[in-house]
Amino acid sequence: MTLAISILSILVCATIAIKLSRKKDGPKELCLICEQELSDPHYQDGHAFCSTHLHVYKHGKWKLLHKGNATSEDPEHGVSIYKAKTLLSQLEMPCYIVVDYEFKDENFVTIMSLMVLEENFERAQTLSKSILN
Ligand SMILES: [Zn+2]
């Protein structure tokens, strides 16, 4: 009995050790806005941020620029939203994508919302028009 317990505790310890080492070597958290790898992530609303963008996220007025669905059969729309985000980021307009999932007609639908700062809204709309429509 004692032997069984000690074997069990060794197994538990080994499992925990493996999990910890995986966590350490696993992919680093990315900033929700600039997507840089973070060695010291800051968390807000369940998202990770670099220190610059934590400030932007918390104090900015965000507005929905575009909302679209992507399914496994039609992932294209999601790709476009991601392209628009990349373009706006390159032009130093902070933006981020919120992802929601829904089960609809026996399919998982990914709902993506691209958020931009209110002050950049019109410029972002003009710039991303060709990508998102
Ligand atoms: Zn950042």
# chains A, B, ... in the order shown; residues from 1 in each chain; ligands from 1
>>> residues_near_ligand(ligand="ligand 1", cutoff="7 Å", atoms="only C-alpha atoms and all ligand atoms", output="list in words")
Cys31, Leu32, Ile33, Cys34, Glu35, Gln36, Phe49, Cys50, Ser51, Thr52 and His53 of chain A
>>> select_by_dssp(residues="range 80-132 of chain A", states="helix (DSSP H, G or I)", output="ChimeraX atom specification")
/A:80-90,118-132
>>> atom_distance(atom1="CA of Leu30 in chain A", atom2="CA of Ala48 in chain A")
6.5 Å
>>> closest_residue(among="A:Val56, A:Val109, A:Leu88, A:Val116", to="Pro75 in chain A", atoms="only C-alpha atoms")
A:Val109
>>> closest_residue(among="A:Cys95, A:Leu54, A:Ile131, A:Leu38", to="Ser80 in chain A", atoms="only C-alpha atoms")
A:Ile131
>>> closest_residue(among="A:Leu65, A:Leu132, A:Leu127, A:Leu87", to="Leu114 in chain A", atoms="only C-alpha atoms")
A:Leu65
>>> closest_residue(among="A:His55, A:Lys61, A:His66, A:Lys28", to="Ala124 in chain A", atoms="only C-alpha atoms")
A:His66
>>> select_by_dssp(residues="chain A", states="strand (DSSP E or B)", output="PyMOL selection string")
chain A and resi 30+37+42-44+47-49+62-71+95-104+107-117
>>> closest_residue(among="A:Pro27, A:Ser39, A:Arg123, A:Asn107", to="Glu92 in chain A", atoms="only C-alpha atoms")
A:Arg123
>>> closest_residue(among="A:Met115, A:Glu106, A:Leu91, A:Val98", to="Asp45 in chain A", atoms="only C-alpha atoms")
A:Val98
>>> atom_distance(atom1="CA of Asn120 in chain A", atom2="CA of Val99 in chain A")
21.2 Å
>>> atom_distance(atom1="CA of His47 in chain A", atom2="CA of Thr126 in chain A")
27.8 Å
>>> decode(residues="range 24-64 of chain A", atoms="N, CA and C atoms", output="tab-separated table (two decimals), in the first residue's frame")
chain	number	residue	atom	x	y	z
A	24	LYS	N	7.27	26.58	-19.59
A	24	LYS	CA	8.44	27.44	-19.69
A	24	LYS	C	8.95	27.52	-21.13
A	25	ASP	N	8.93	26.36	-21.82
A	25	ASP	CA	9.48	26.33	-23.17
A	25	ASP	C	8.44	26.63	-24.25
A	26	GLY	N	7.20	26.69	-23.84
A	26	GLY	CA	6.12	26.89	-24.80
A	26	GLY	C	6.17	28.25	-25.45
A	27	PRO	N	5.27	28.49	-26.41
A	27	PRO	CA	5.27	29.79	-27.08
A	27	PRO	C	4.98	30.91	-26.09
A	28	LYS	N	5.67	32.01	-26.27
A	28	LYS	CA	5.48	33.14	-25.37
A	28	LYS	C	4.17	33.84	-25.70
A	29	GLU	N	3.66	34.55	-24.72
A	29	GLU	CA	2.45	35.34	-24.94
A	29	GLU	C	2.77	36.47	-25.90
A	30	LEU	N	1.79	36.81	-26.73
A	30	LEU	CA	1.97	37.92	-27.66
A	30	LEU	C	1.09	39.08	-27.24
A	31	CYS	N	1.57	40.29	-27.49
A	31	CYS	CA	0.76	41.47	-27.22
A	31	CYS	C	-0.45	41.46	-28.16
A	32	LEU	N	-1.62	41.71	-27.63
A	32	LEU	CA	-2.85	41.67	-28.43
A	32	LEU	C	-2.80	42.69	-29.56
A	33	ILE	N	-2.09	43.79	-29.35
A	33	ILE	CA	-2.08	44.87	-30.34
A	33	ILE	C	-0.89	44.77	-31.31
A	34	CYS	N	0.33	44.69	-30.80
A	34	CYS	CA	1.48	44.70	-31.72
A	34	CYS	C	2.02	43.30	-32.01
A	35	GLU	N	1.53	42.29	-31.30
A	35	GLU	CA	1.91	40.89	-31.51
A	35	GLU	C	3.38	40.61	-31.28
A	36	GLN	N	4.03	41.44	-30.48
A	36	GLN	CA	5.41	41.15	-30.12
A	36	GLN	C	5.42	40.13	-28.99
A	37	GLU	N	6.46	39.28	-28.99
A	37	GLU	CA	6.60	38.31	-27.90
A	37	GLU	C	6.89	39.05	-26.61
A	38	LEU	N	6.22	38.62	-25.55
A	38	LEU	CA	6.35	39.33	-24.29
A	38	LEU	C	7.11	38.50	-23.27
A	39	SER	N	8.18	39.07	-22.74
A	39	SER	CA	8.88	38.37	-21.66
A	39	SER	C	8.24	38.75	-20.32
A	40	ASP	N	7.58	39.91	-20.31
A	40	ASP	CA	6.95	40.38	-19.08
A	40	ASP	C	5.55	40.91	-19.41
A	41	PRO	N	4.62	39.96	-19.72
A	41	PRO	CA	3.30	40.41	-20.16
A	41	PRO	C	2.47	41.09	-19.07
A	42	HIS	N	1.68	42.06	-19.49
A	42	HIS	CA	0.71	42.70	-18.59
A	42	HIS	C	-0.66	42.21	-19.01
A	43	TYR	N	-1.50	41.89	-18.03
A	43	TYR	CA	-2.81	41.34	-18.37
A	43	TYR	C	-3.94	42.31	-18.08
A	44	GLN	N	-4.88	42.32	-19.00
A	44	GLN	CA	-6.09	43.12	-18.81
A	44	GLN	C	-7.21	42.42	-19.57
A	45	ASP	N	-8.35	42.22	-18.93
A	45	ASP	CA	-9.50	41.54	-19.54
A	45	ASP	C	-9.13	40.20	-20.17
A	46	GLY	N	-8.18	39.51	-19.59
A	46	GLY	CA	-7.79	38.20	-20.10
A	46	GLY	C	-6.87	38.23	-21.31
A	47	HIS	N	-6.41	39.42	-21.70
A	47	HIS	CA	-5.48	39.53	-22.82
A	47	HIS	C	-4.12	39.98	-22.32
A	48	ALA	N	-3.08	39.64	-23.10
A	48	ALA	CA	-1.72	40.05	-22.74
A	48	ALA	C	-1.32	41.28	-23.55
A	49	PHE	N	-0.57	42.16	-22.93
A	49	PHE	CA	-0.12	43.39	-23.60
A	49	PHE	C	1.32	43.70	-23.24
A	50	CYS	N	2.01	44.41	-24.14
A	50	CYS	CA	3.29	45.00	-23.77
A	50	CYS	C	2.94	46.26	-22.97
A	51	SER	N	3.92	46.86	-22.31
A	51	SER	CA	3.57	47.97	-21.42
A	51	SER	C	2.99	49.17	-22.18
A	52	THR	N	3.50	49.44	-23.39
A	52	THR	CA	2.98	50.56	-24.20
A	52	THR	C	1.51	50.34	-24.52
A	53	HIS	N	1.19	49.13	-24.99
A	53	HIS	CA	-0.17	48.89	-25.46
A	53	HIS	C	-1.16	48.62	-24.35
A	54	LEU	N	-0.67	48.26	-23.16
A	54	LEU	CA	-1.58	48.14	-22.03
A	54	LEU	C	-2.19	49.52	-21.76
A	55	HIS	N	-1.34	50.52	-21.82
A	55	HIS	CA	-1.78	51.91	-21.60
A	55	HIS	C	-2.77	52.32	-22.70
A	56	VAL	N	-2.43	52.04	-23.95
A	56	VAL	CA	-3.30	52.38	-25.08
A	56	VAL	C	-4.65	51.67	-24.95
A	57	TYR	N	-4.60	50.39	-24.60
A	57	TYR	CA	-5.83	49.60	-24.48
A	57	TYR	C	-6.74	50.14	-23.38
A	58	LYS	N	-6.12	50.44	-22.23
A	58	LYS	CA	-6.92	50.87	-21.09
A	58	LYS	C	-7.50	52.27	-21.25
A	59	HIS	N	-6.75	53.15	-21.90
A	59	HIS	CA	-7.18	54.54	-21.94
A	59	HIS	C	-7.80	54.96	-23.27
A	60	GLY	N	-7.68	54.08	-24.29
A	60	GLY	CA	-8.22	54.44	-25.60
A	60	GLY	C	-9.73	54.25	-25.68
A	61	LYS	N	-10.35	54.98	-26.61
A	61	LYS	CA	-11.77	54.77	-26.90
A	61	LYS	C	-11.83	53.91	-28.14
A	62	TRP	N	-12.32	52.69	-27.97
A	62	TRP	CA	-12.29	51.73	-29.07
A	62	TRP	C	-13.62	51.69	-29.79
A	63	LYS	N	-13.52	51.51	-31.10
A	63	LYS	CA	-14.71	51.47	-31.92
A	63	LYS	C	-14.61	50.28	-32.88
A	64	LEU	N	-15.74	49.62	-33.11
A	64	LEU	CA	-15.76	48.47	-34.01
A	64	LEU	C	-15.60	48.93	-35.46
